[in-house]
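S.K.: For reference, this is entry.txt, and it has compact mmCIF, C-alpha atoms.
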```txt
# COMPACT_ATOMS: atom_id res chain seq x y z
CA MET A 1 146.97 97.15 72.70
CA ASP A 2 149.27 94.23 73.52
CA LEU A 3 150.33 95.23 77.04
CA VAL A 4 152.84 92.39 77.47
CA THR A 5 154.78 93.43 74.38
CA GLN A 6 154.45 97.07 75.38
CA ALA A 7 155.90 96.39 78.84
CA LYS A 8 158.80 94.40 77.34
CA TRP A 9 159.87 97.23 75.04
CA ASP A 10 159.21 99.91 77.66
CA SER A 11 161.69 98.11 79.90
CA LEU A 12 164.33 98.16 77.14
CA ALA A 13 163.94 101.83 76.22
CA GLY A 14 166.66 103.04 78.61
CA SER A 15 169.34 100.67 77.31
CA PHE A 16 168.23 100.41 73.68
CA ASP A 17 170.63 103.00 72.23
CA PHE A 18 173.61 101.42 74.02
CA LEU A 19 172.69 97.89 72.93
CA SER A 20 172.09 98.84 69.30
CA GLN A 21 174.95 101.32 68.80
CA ALA A 22 177.15 98.96 66.77
CA ASP A 23 174.25 97.62 64.67
CA ASP A 24 173.36 101.20 63.97
CA ARG A 25 176.79 101.83 62.45
CA ARG A 26 177.36 98.52 60.72
CA PHE A 27 174.02 98.53 58.92
CA ALA A 28 173.92 102.27 58.17
CA ALA A 29 174.77 101.96 54.46
CA ALA A 30 172.29 99.12 53.90
CA LYS A 31 169.48 101.01 55.63
CA ARG A 32 170.23 104.20 53.70
CA SER A 33 170.13 102.38 50.38
CA LEU A 34 166.83 100.70 51.28
CA PHE A 35 165.07 103.80 52.59
CA ALA A 36 166.28 105.94 49.68
CA LYS A 37 163.37 104.25 47.88
CA ILE A 38 160.58 105.72 50.01
CA LYS A 39 157.95 107.72 48.14
CA GLY A 40 155.26 110.08 49.43
CA LYS A 41 153.70 109.78 52.87
CA THR A 42 155.51 107.05 54.76
CA LEU A 43 154.54 104.97 57.77
CA LEU A 44 157.57 103.94 59.84
CA VAL A 45 156.58 101.04 62.07
CA ALA A 46 158.27 100.47 65.43
CA VAL A 47 160.39 103.62 65.45
CA GLY A 48 162.00 102.60 68.74
CA THR A 49 164.15 105.43 70.07
CA GLY A 50 164.30 107.11 66.65
CA ASN A 51 167.74 105.85 65.65
CA ASP A 52 166.60 105.22 62.09
CA PHE A 53 165.36 108.74 61.29
CA LYS A 54 168.85 109.60 60.01
CA PHE A 55 168.66 106.87 57.36
CA PHE A 56 165.66 108.42 55.62
CA PRO A 57 166.13 110.88 52.78
CA PRO A 58 165.20 114.45 53.80
CA GLY A 59 162.00 116.23 52.86
CA HIS A 60 159.50 113.46 53.48
CA HIS A 61 156.38 113.24 55.64
CA ILE A 62 156.95 110.31 58.01
CA VAL A 63 154.40 109.00 60.48
CA GLY A 64 156.19 106.91 63.10
CA ILE A 65 154.46 104.48 65.43
CA ASP A 66 155.63 102.28 68.27
CA ILE A 67 153.88 100.16 70.84
CA SER A 68 156.15 101.53 73.59
CA PRO A 69 155.46 105.03 74.95
CA LYS A 70 158.88 105.03 76.65
CA MET A 71 160.63 104.36 73.33
CA LEU A 72 158.62 107.18 71.78
CA GLU A 73 159.66 109.59 74.55
CA ARG A 74 163.27 109.07 73.44
CA ALA A 75 162.40 109.18 69.75
CA ARG A 76 160.79 112.61 70.19
CA LEU A 77 164.19 113.99 71.21
CA LYS A 78 165.58 112.98 67.77
CA VAL A 79 162.75 114.29 65.60
CA GLY A 80 164.51 117.65 65.22
CA GLU A 81 167.52 115.97 63.61
CA TYR A 82 165.42 114.99 60.57
CA GLN A 83 164.98 117.57 57.82
CA GLY A 84 161.36 116.83 57.06
CA GLN A 85 158.12 116.20 58.90
CA ILE A 86 157.83 113.44 61.52
CA GLU A 87 154.71 112.66 63.55
CA LEU A 88 154.88 110.08 66.33
CA ASP A 89 152.11 108.07 67.93
CA ALA A 90 151.78 105.07 70.24
CA MET A 91 150.04 102.31 68.34
CA ASP A 92 149.87 98.53 67.97
CA VAL A 93 150.69 97.41 64.42
CA THR A 94 147.90 94.84 64.55
CA ALA A 95 145.29 97.54 65.23
CA LEU A 96 146.26 100.69 63.33
CA ASP A 97 144.22 103.83 63.79
CA PHE A 98 144.51 104.91 60.14
CA PRO A 99 141.99 104.72 57.29
CA ASP A 100 142.51 102.28 54.42
CA ALA A 101 145.13 103.26 51.80
CA SER A 102 146.58 106.14 53.86
CA PHE A 103 150.25 105.69 52.97
CA ASP A 104 152.39 105.55 49.84
CA THR A 105 155.19 103.62 51.57
CA VAL A 106 155.57 101.55 54.74
CA ALA A 107 159.01 101.06 56.33
CA THR A 108 160.00 98.66 59.09
CA VAL A 109 163.28 98.05 60.91
CA CYS A 110 163.64 94.86 62.96
CA THR A 111 159.93 94.90 63.72
CA PHE A 112 158.45 91.56 62.71
CA CYS A 113 160.86 89.62 64.88
CA SER A 114 158.90 91.01 67.81
CA VAL A 115 155.27 91.35 66.76
CA PRO A 116 153.50 88.35 68.37
CA LYS A 117 151.09 87.96 65.42
CA PRO A 118 153.25 88.91 62.43
CA VAL A 119 150.83 88.02 59.64
CA ALA A 120 148.06 89.99 61.36
CA GLY A 121 150.40 92.99 61.66
CA LEU A 122 151.51 92.73 58.04
CA SER A 123 147.91 92.41 56.88
CA GLU A 124 147.07 95.57 58.78
CA LEU A 125 149.99 97.34 57.08
CA ARG A 126 148.67 96.17 53.73
CA ARG A 127 145.30 97.69 54.59
CA VAL A 128 146.75 101.15 55.24
CA LEU A 129 149.13 101.00 52.25
CA LYS A 130 147.81 102.32 48.94
CA PRO A 131 147.41 99.75 46.15
CA GLY A 132 150.72 99.66 44.29
CA GLY A 133 152.50 101.09 47.33
CA ARG A 134 155.62 99.42 48.66
CA ILE A 135 156.70 98.07 52.01
CA LEU A 136 160.45 98.35 52.66
CA MET A 137 161.65 96.09 55.43
CA PHE A 138 164.99 95.72 57.17
CA GLU A 139 164.46 92.55 59.17
CA HIS A 140 166.32 89.63 60.65
CA VAL A 141 165.01 86.13 59.96
CA ARG A 142 165.81 82.46 60.55
CA SER A 143 168.81 81.33 58.54
CA ARG A 144 168.36 78.56 56.01
CA ILE A 145 171.94 77.49 56.69
CA GLY A 146 171.39 74.35 58.80
CA PRO A 147 173.69 74.91 61.80
CA LEU A 148 172.86 78.62 62.09
CA GLY A 149 169.11 78.05 61.84
CA ILE A 150 169.25 75.38 64.56
CA LEU A 151 171.22 77.72 66.82
CA GLN A 152 168.65 80.48 66.26
CA ASP A 153 165.89 78.02 67.20
CA LEU A 154 167.77 77.13 70.39
CA MET A 155 168.42 80.75 71.36
CA THR A 156 164.93 82.08 70.66
CA PRO A 157 163.30 80.91 73.93
CA LEU A 158 165.97 82.94 75.76
CA THR A 159 165.95 86.06 73.58
CA ARG A 160 162.15 86.16 73.46
CA ARG A 161 161.95 86.91 77.19
CA ASN A 162 163.58 90.32 76.86
CA GLY A 163 163.70 90.99 73.15
CA PRO A 164 163.00 89.56 69.71
CA ASP A 165 162.50 86.08 68.29
CA LEU A 166 165.49 85.03 66.18
CA ASN A 167 163.81 82.41 64.03
CA ARG A 168 160.97 84.15 62.22
CA ASP A 169 160.31 83.44 58.54
CA THR A 170 159.40 87.03 57.74
CA VAL A 171 159.71 86.72 53.95
CA ALA A 172 157.07 83.97 54.01
CA ASN A 173 154.92 86.03 56.40
CA VAL A 174 155.03 88.99 54.00
CA HIS A 175 153.82 86.67 51.26
CA ARG A 176 151.11 85.20 53.53
CA ALA A 177 149.80 88.70 54.27
CA GLY A 178 149.08 89.15 50.57
CA PHE A 179 152.04 91.27 49.48
CA LYS A 180 153.86 90.62 46.23
CA ILE A 181 157.56 90.18 46.96
CA VAL A 182 159.59 92.43 44.67
CA ARG A 183 163.14 91.99 45.91
CA VAL A 184 165.00 90.34 48.79
CA LYS A 185 168.65 91.15 49.46
CA ASN A 186 170.93 89.93 52.24
CA ALA A 187 172.57 92.46 54.56
CA TYR A 188 174.33 89.92 56.83
CA LEU A 189 174.62 86.25 55.91
CA ASP A 190 171.07 85.17 55.04
CA ILE A 191 169.87 86.41 58.42
CA VAL A 192 169.52 90.18 58.09
CA LYS A 193 167.53 90.97 54.98
CA MET A 194 166.19 93.92 53.02
CA ILE A 195 162.75 93.00 51.76
CA GLU A 196 160.79 95.02 49.24
CA ALA A 197 157.19 94.06 48.58
CA GLU A 198 154.22 95.63 46.85
CA ASN A 199 150.57 95.88 47.77
CA PRO A 200 148.91 94.40 44.70
CA ALA A 201 146.37 96.73 43.11
CA MET B 1 187.94 98.07 59.64
CA TRP B 2 187.81 98.27 63.45
CA PHE B 3 184.65 96.21 63.46
CA VAL B 4 186.35 93.47 61.42
CA ILE B 5 189.32 93.39 63.81
CA GLY B 6 186.83 93.32 66.66
CA ASP B 7 185.04 90.33 65.09
CA TYR B 8 188.29 88.35 65.06
CA VAL B 9 189.22 89.37 68.61
CA ALA B 10 185.74 88.39 69.80
CA GLY B 11 186.01 85.04 68.01
CA ALA B 12 189.38 84.42 69.62
CA VAL B 13 188.04 85.32 73.08
CA VAL B 14 184.99 83.05 72.75
CA GLY B 15 187.15 80.24 71.31
CA ALA B 16 189.73 80.47 74.07
CA GLY B 17 187.07 80.84 76.76
CA THR B 18 185.19 77.78 75.52
CA ALA B 19 188.35 75.67 75.20
CA LEU B 20 189.51 76.59 78.71
CA ALA B 21 186.12 76.07 80.35
CA VAL B 22 185.68 72.67 78.70
CA HIS B 23 189.26 71.68 79.55
CA ALA B 24 188.64 72.55 83.22
CA ILE B 25 185.50 70.44 83.46
CA VAL B 26 185.91 67.48 81.09
CA GLN B 27 188.41 64.98 82.43
CA PRO B 28 190.28 62.30 80.42
CA GLY B 29 188.37 59.03 80.53
CA MET B 30 184.94 60.65 80.64
CA ASP B 31 182.43 58.99 78.31
CA MET B 32 182.91 60.72 74.95
CA VAL B 33 179.20 61.24 74.29
CA ILE B 34 178.69 62.80 77.71
CA ALA B 35 181.80 64.91 77.18
CA MET B 36 180.50 66.09 73.83
CA LEU B 37 177.11 67.06 75.27
CA LEU B 38 178.73 68.71 78.28
CA GLY B 39 181.11 70.64 76.03
CA MET B 40 178.22 71.79 73.89
CA ALA B 41 176.27 72.99 76.93
CA ILE B 42 179.31 74.80 78.37
CA GLY B 43 180.01 76.42 75.02
CA MET B 44 176.44 77.56 74.56
CA VAL B 45 176.20 79.14 78.00
CA LEU B 46 179.59 80.80 77.60
CA HIS B 47 178.89 82.13 74.10
CA PHE B 48 175.61 83.59 75.30
CA VAL B 49 177.29 85.46 78.17
CA LEU B 50 180.32 86.64 76.17
CA GLY B 51 178.22 87.41 73.13
CA PHE B 52 175.84 89.54 75.15
CA ILE B 53 178.77 91.49 76.63
CA LEU B 54 180.44 92.06 73.24
CA ALA B 55 177.34 92.63 71.10
CA PRO B 56 176.81 96.34 71.93
CA PHE B 57 180.31 97.04 70.63
CA LEU B 58 180.35 94.78 67.56
CA GLY B 59 176.72 94.26 66.58
CA MET B 60 174.20 91.75 67.81
CA PHE B 61 174.32 89.35 64.86
CA GLN B 62 177.97 89.79 63.93
CA THR B 63 178.78 88.75 67.50
CA MET B 64 176.15 86.16 68.31
CA MET B 65 176.27 84.06 65.15
CA PRO B 66 180.04 83.34 65.14
CA ALA B 67 180.01 83.02 68.93
CA SER B 68 177.18 80.50 68.83
CA LEU B 69 179.00 78.36 66.25
CA ILE B 70 182.26 78.56 68.20
CA GLY B 71 180.54 77.83 71.51
CA MET B 72 178.33 74.99 70.39
CA TYR B 73 180.45 73.14 67.84
CA GLY B 74 183.77 74.12 69.41
CA GLY B 75 182.47 73.00 72.80
CA MET B 76 181.55 69.60 71.33
CA ALA B 77 184.95 69.17 69.67
CA PHE B 78 186.90 70.33 72.73
CA GLY B 79 184.82 68.07 74.97
CA MET B 80 185.53 64.98 72.86
CA ARG B 81 189.22 65.85 72.66
CA ASP B 82 189.56 66.33 76.42
CA SER B 83 187.68 63.12 77.21
CA MET B 84 190.23 61.24 75.10
CA GLY B 85 193.13 63.12 76.67
CA ALA B 86 194.30 63.70 73.12
CA GLY B 87 196.36 66.78 72.28
CA SER B 88 196.40 70.21 73.99
CA VAL B 89 197.13 68.81 77.42
CA GLU B 90 198.77 72.07 78.54
CA TRP B 91 196.56 75.08 79.30
CA SER B 92 198.60 77.24 76.91
CA SER B 93 198.16 74.91 73.93
CA CYS B 94 194.50 74.48 74.82
CA THR B 95 194.09 78.28 74.72
CA LEU B 96 195.92 78.54 71.42
CA VAL B 97 193.75 75.91 69.77
CA GLY B 98 190.64 77.71 71.06
CA ILE B 99 191.90 81.01 69.60
CA ILE B 100 192.69 79.40 66.24
CA PHE B 101 189.27 77.72 66.14
CA GLY B 102 187.53 81.02 66.90
CA ILE B 103 189.46 82.92 64.24
CA VAL B 104 188.83 80.24 61.61
CA VAL B 105 185.07 80.31 62.29
CA VAL B 106 184.97 84.12 62.06
CA PHE B 107 186.97 84.02 58.81
CA ALA B 108 184.63 81.40 57.34
CA LEU B 109 181.58 83.47 58.24
CA HIS B 110 183.14 86.61 56.71
CA VAL B 111 183.73 84.72 53.46
CA TYR B 112 180.22 83.25 53.56
CA ASP B 113 178.70 86.64 54.33
CA ARG B 114 180.45 88.21 51.36
CA ALA B 115 179.12 85.49 49.06
CA LEU B 116 175.58 85.72 50.40
CA ARG B 117 175.41 89.50 50.13
CA ALA B 118 175.67 89.14 46.39
CA VAL B 119 172.48 87.07 46.38
CA VAL B 120 169.46 89.12 45.36
CA VAL B 121 166.10 87.50 44.79
CA GLU B 122 163.96 89.53 42.40
CA GLY B 123 160.21 88.95 42.21
CA ALA B 124 160.29 86.03 44.60
CA ASP B 125 156.56 85.30 44.13
```
Write out the structure in this file as structure tokens.

M.R.:
Amino acid sequence: MDLVTQAKWDSLAGSFDFLSQADDRRFAAAKRSLFAKIKGKTLLVAVGTGNDFKFFPPGHHIVGIDISPKMLERARLKVGEYQGQIELDAMDVTALDFPDASFDTVATVCTFCSVPKPVAGLSELRRVLKPGGRILMFEHVRSRIGPLGILQDLMTPLTRRNGPDLNRDTVANVHRAGFKIVRVKNAYLDIVKMIEAENPA
Amino acid sequence: MWFVIGDYVAGAVVGAGTALAVHAIVQPGMDMVIAMLLGMAIGMVLHFVLGFILAPFLGMFQTMMPASLIGMYGGMAFGMRDSMGAGSVEWSSCTLVGIIFGIVVVFALHVYDRALRAVVVEGAD
């Protein structure tokens, strides 16, 4: 378990809902449309305080993990709001305690901006995803628009101390981990993206 | 709708704040390159503080991206202007130009965002 990352997100658990309240509303439609595509048993990575449960269609079996026990404490309070089955567990995405090919779908929300070894984490997700299964990601990445990308590079050393990196190339990381990219759609500029990828059979 | 109005208000606040802060520090006659770098630094610090305050109410990215453009590039432009002592000598006109700059940047990003949302890459492999 990455204790540094765990401590960082534990420290944010108390203020997370306040800080993300507007994002939660502004991206609600985009998240709903993305997660409407989940099929079968689904692994939700980095559940945080459980704000995204409401964006999942009802009636599914969702296994949620997060590296932060304090985030999970808050997420447990929201499990009852979901009309389906949710299990929660503290886990590091780079060392998942699940057998190979355990899930039909993997979902992530603003996760791989924070995982210190993103390709290792994505490779681990590929291991637990069934062949042909899909990963649905709502992630922010480095902009390819020159001035915005430079600004994200400049801000990242500051944001990294208490939160995420702003300049990750997550689409490329998904590809590097061996997934086949199916679809990439922008949710805000070319920074917040919905990425769909498949675990090749 | 309220979020969109909020975006423009935030842009105006960051623009005015940057213009005023740069105007207070950069004096006419200062070397233009130094003034530009100083304006950029002031704008970046200010956008970070204001952006962090406003982000919980407007969204992290919808606040920080326009604010960073306004702070950094606006700061550079305001710094060069003030070093030359050209235009916006009064505090009120300086504020107005900052507000206009902020609103224009937010408008441009809204237009750009709308165009980019239509972009879908299928089977990117």

S.K.: Given a cut-off of 7 Å, which residues of chain A touch chain B, counting all atoms listed in the file, written out as JSON, numbers by chain?

M.R.: {"A": [18, 19, 20, 21, 22, 23, 151, 180, 181, 182, 183, 184, 185, 186, 187, 188, 189, 190]}

S.K.: Report, in Å to a single decimal, how far apart CA of Glu196 (chain A) and CA of Gly149 (chain A) are.

M.R.: 22.7 Å

S.K.: Which is closest to Ile34 (chain B) among B:Cys94, B:Met1, B:Ala86, B:Met80, if we use only C-alpha atoms?

M.R.: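 Comparing B:Cys94, B:Met1, B:Ala86, B:Met80 against Ile34 (chain B), the winner is B:Met80.
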
S.K.: Could you give me, as a tab-separated table (two decimals) with C-alpha atoms, in the frame of the given file, the residues that sit within 12 Å of (159.8, 98.0, 78.3) in the file's coordinates, counting only C-alpha atoms?

M.R.:
```
chain	number	residue	atom	x	y	z
A	3	LEU	CA	150.33	95.23	77.04
A	4	VAL	CA	152.84	92.39	77.47
A	5	THR	CA	154.78	93.43	74.38
A	6	GLN	CA	154.45	97.07	75.38
A	7	ALA	CA	155.90	96.39	78.84
A	8	LYS	CA	158.80	94.40	77.34
A	9	TRP	CA	159.87	97.23	75.04
A	10	ASP	CA	159.21	99.91	77.66
A	11	SER	CA	161.69	98.11	79.90
A	12	LEU	CA	164.33	98.16	77.14
A	13	ALA	CA	163.94	101.83	76.22
A	14	GLY	CA	166.66	103.04	78.61
A	15	SER	CA	169.34	100.67	77.31
A	16	PHE	CA	168.23	100.41	73.68
A	48	GLY	CA	162.00	102.60	68.74
A	49	THR	CA	164.15	105.43	70.07
A	66	ASP	CA	155.63	102.28	68.27
A	67	ILE	CA	153.88	100.16	70.84
A	68	SER	CA	156.15	101.53	73.59
A	69	PRO	CA	155.46	105.03	74.95
A	70	LYS	CA	158.88	105.03	76.65
A	71	MET	CA	160.63	104.36	73.33
A	72	LEU	CA	158.62	107.18	71.78
A	161	ARG	CA	161.95	86.91	77.19
A	162	ASN	CA	163.58	90.32	76.86
A	163	GLY	CA	163.70	90.99	73.15
```

S.K.: Which residues are near Lys31 (chain A)? Cut-off 12 Å, all atoms listed in the file, ignore same chain within fewer than 5 positions. Put them as a list in words.

M.R.: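 Those residues are Asp23, Asp24, Arg25, Arg26, Ala36, Lys37, Ile38, Asn51, Asp52, Phe53, Lys54, Phe55, Phe56, Pro57, Ala107, Thr108, Val109, Cys110, Leu136, Met137, Phe138, Glu139, Lys185, Asn186, Ala187, Val192, Lys193, Met194 and Ile195 of chain A.
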
S.K.: Using all atoms listed in the file, give me every residue within 12 Å of (151.4, 92.5, 60.0) in file coordinates, as a ChimeraX atom specification.

M.R.: /A:45-46,92-96,106,108,111-129,135,137,170-179

S.K.: Quote the spacing between CA of Phe35 (chain A) and CA of Asp2 (chain A) in Å to one decimal place.

M.R.: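 If I compute the distance from CA of Phe35 (chain A) to CA of Asp2 (chain A), I get 27.9 Å.
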
S.K.: Could you tell me how far CA of Thr63 (chain B) sits from CA of Met155 (chain A), in Å to one decimal place?

M.R.: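 A separation of 13.6 Å between them.
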
S.K.: Determine the nearest neighbour of Val49 (chain B) from the options B:Met36, B:Val13, B:Val22, B:Ile103, counting all atoms listed in the file.

M.R.: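 Checking each candidate against Val49 (chain B), we get B:Val13 as the closest.
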
S.K.: Restore N, CA, C and O atoms in region 58-71 of chain A and list the result as a PDB file, in the coordinates of the input.

M.R.:
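Result file rebuild.pdb:
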```
ATOM      1  N   PRO A  58     165.903 113.279  53.253  1.00  0.00           N
ATOM      2  CA  PRO A  58     165.200 114.450  53.800  1.00  0.00           C
ATOM      3  C   PRO A  58     163.991 114.843  52.957  1.00  0.00           C
ATOM      4  O   PRO A  58     163.870 114.444  51.799  1.00  0.00           O
ATOM      5  N   GLY A  59     163.114 115.628  53.598  1.00  0.00           N
ATOM      6  CA  GLY A  59     162.000 116.230  52.860  1.00  0.00           C
ATOM      7  C   GLY A  59     160.741 115.392  52.790  1.00  0.00           C
ATOM      8  O   GLY A  59     159.818 115.739  52.072  1.00  0.00           O
ATOM      9  N   HIS A  60     160.694 114.313  53.540  1.00  0.00           N
ATOM     10  CA  HIS A  60     159.500 113.460  53.480  1.00  0.00           C
ATOM     11  C   HIS A  60     158.580 113.674  54.688  1.00  0.00           C
ATOM     12  O   HIS A  60     158.994 114.236  55.708  1.00  0.00           O
ATOM     13  N   HIS A  61     157.354 113.231  54.534  1.00  0.00           N
ATOM     14  CA  HIS A  61     156.380 113.240  55.640  1.00  0.00           C
ATOM     15  C   HIS A  61     156.334 111.816  56.192  1.00  0.00           C
ATOM     16  O   HIS A  61     155.871 110.897  55.514  1.00  0.00           O
ATOM     17  N   ILE A  62     156.869 111.648  57.402  1.00  0.00           N
ATOM     18  CA  ILE A  62     156.950 110.310  58.010  1.00  0.00           C
ATOM     19  C   ILE A  62     156.053 110.259  59.239  1.00  0.00           C
ATOM     20  O   ILE A  62     156.137 111.140  60.109  1.00  0.00           O
ATOM     21  N   VAL A  63     155.219 109.247  59.283  1.00  0.00           N
ATOM     22  CA  VAL A  63     154.400 109.000  60.480  1.00  0.00           C
ATOM     23  C   VAL A  63     155.017 107.784  61.170  1.00  0.00           C
ATOM     24  O   VAL A  63     155.060 106.691  60.596  1.00  0.00           O
ATOM     25  N   GLY A  64     155.533 107.991  62.373  1.00  0.00           N
ATOM     26  CA  GLY A  64     156.190 106.910  63.100  1.00  0.00           C
ATOM     27  C   GLY A  64     155.312 106.390  64.225  1.00  0.00           C
ATOM     28  O   GLY A  64     154.723 107.175  64.965  1.00  0.00           O
ATOM     29  N   ILE A  65     155.227 105.070  64.325  1.00  0.00           N
ATOM     30  CA  ILE A  65     154.460 104.480  65.430  1.00  0.00           C
ATOM     31  C   ILE A  65     155.337 103.499  66.196  1.00  0.00           C
ATOM     32  O   ILE A  65     156.294 102.943  65.659  1.00  0.00           O
ATOM     33  N   ASP A  66     154.978 103.311  67.459  1.00  0.00           N
ATOM     34  CA  ASP A  66     155.630 102.280  68.270  1.00  0.00           C
ATOM     35  C   ASP A  66     154.664 101.873  69.360  1.00  0.00           C
ATOM     36  O   ASP A  66     153.852 102.688  69.817  1.00  0.00           O
ATOM     37  N   ILE A  67     154.783 100.641  69.782  1.00  0.00           N
ATOM     38  CA  ILE A  67     153.880 100.160  70.840  1.00  0.00           C
ATOM     39  C   ILE A  67     154.325 100.676  72.207  1.00  0.00           C
ATOM     40  O   ILE A  67     153.545 100.704  73.155  1.00  0.00           O
ATOM     41  N   SER A  68     155.576 101.135  72.297  1.00  0.00           N
ATOM     42  CA  SER A  68     156.150 101.530  73.590  1.00  0.00           C
ATOM     43  C   SER A  68     156.190 103.053  73.771  1.00  0.00           C
ATOM     44  O   SER A  68     156.967 103.740  73.102  1.00  0.00           O
ATOM     45  N   PRO A  69     155.411 103.582  74.698  1.00  0.00           N
ATOM     46  CA  PRO A  69     155.460 105.030  74.950  1.00  0.00           C
ATOM     47  C   PRO A  69     156.841 105.488  75.433  1.00  0.00           C
ATOM     48  O   PRO A  69     157.263 106.612  75.117  1.00  0.00           O
ATOM     49  N   LYS A  70     157.547 104.633  76.147  1.00  0.00           N
ATOM     50  CA  LYS A  70     158.880 105.030  76.650  1.00  0.00           C
ATOM     51  C   LYS A  70     159.893 105.118  75.495  1.00  0.00           C
ATOM     52  O   LYS A  70     160.788 105.959  75.515  1.00  0.00           O
ATOM     53  N   MET A  71     159.780 104.248  74.526  1.00  0.00           N
ATOM     54  CA  MET A  71     160.630 104.360  73.330  1.00  0.00           C
ATOM     55  C   MET A  71     160.310 105.675  72.616  1.00  0.00           C
ATOM     56  O   MET A  71     161.211 106.401  72.179  1.00  0.00           O
TER      57      MET A  71
END
```
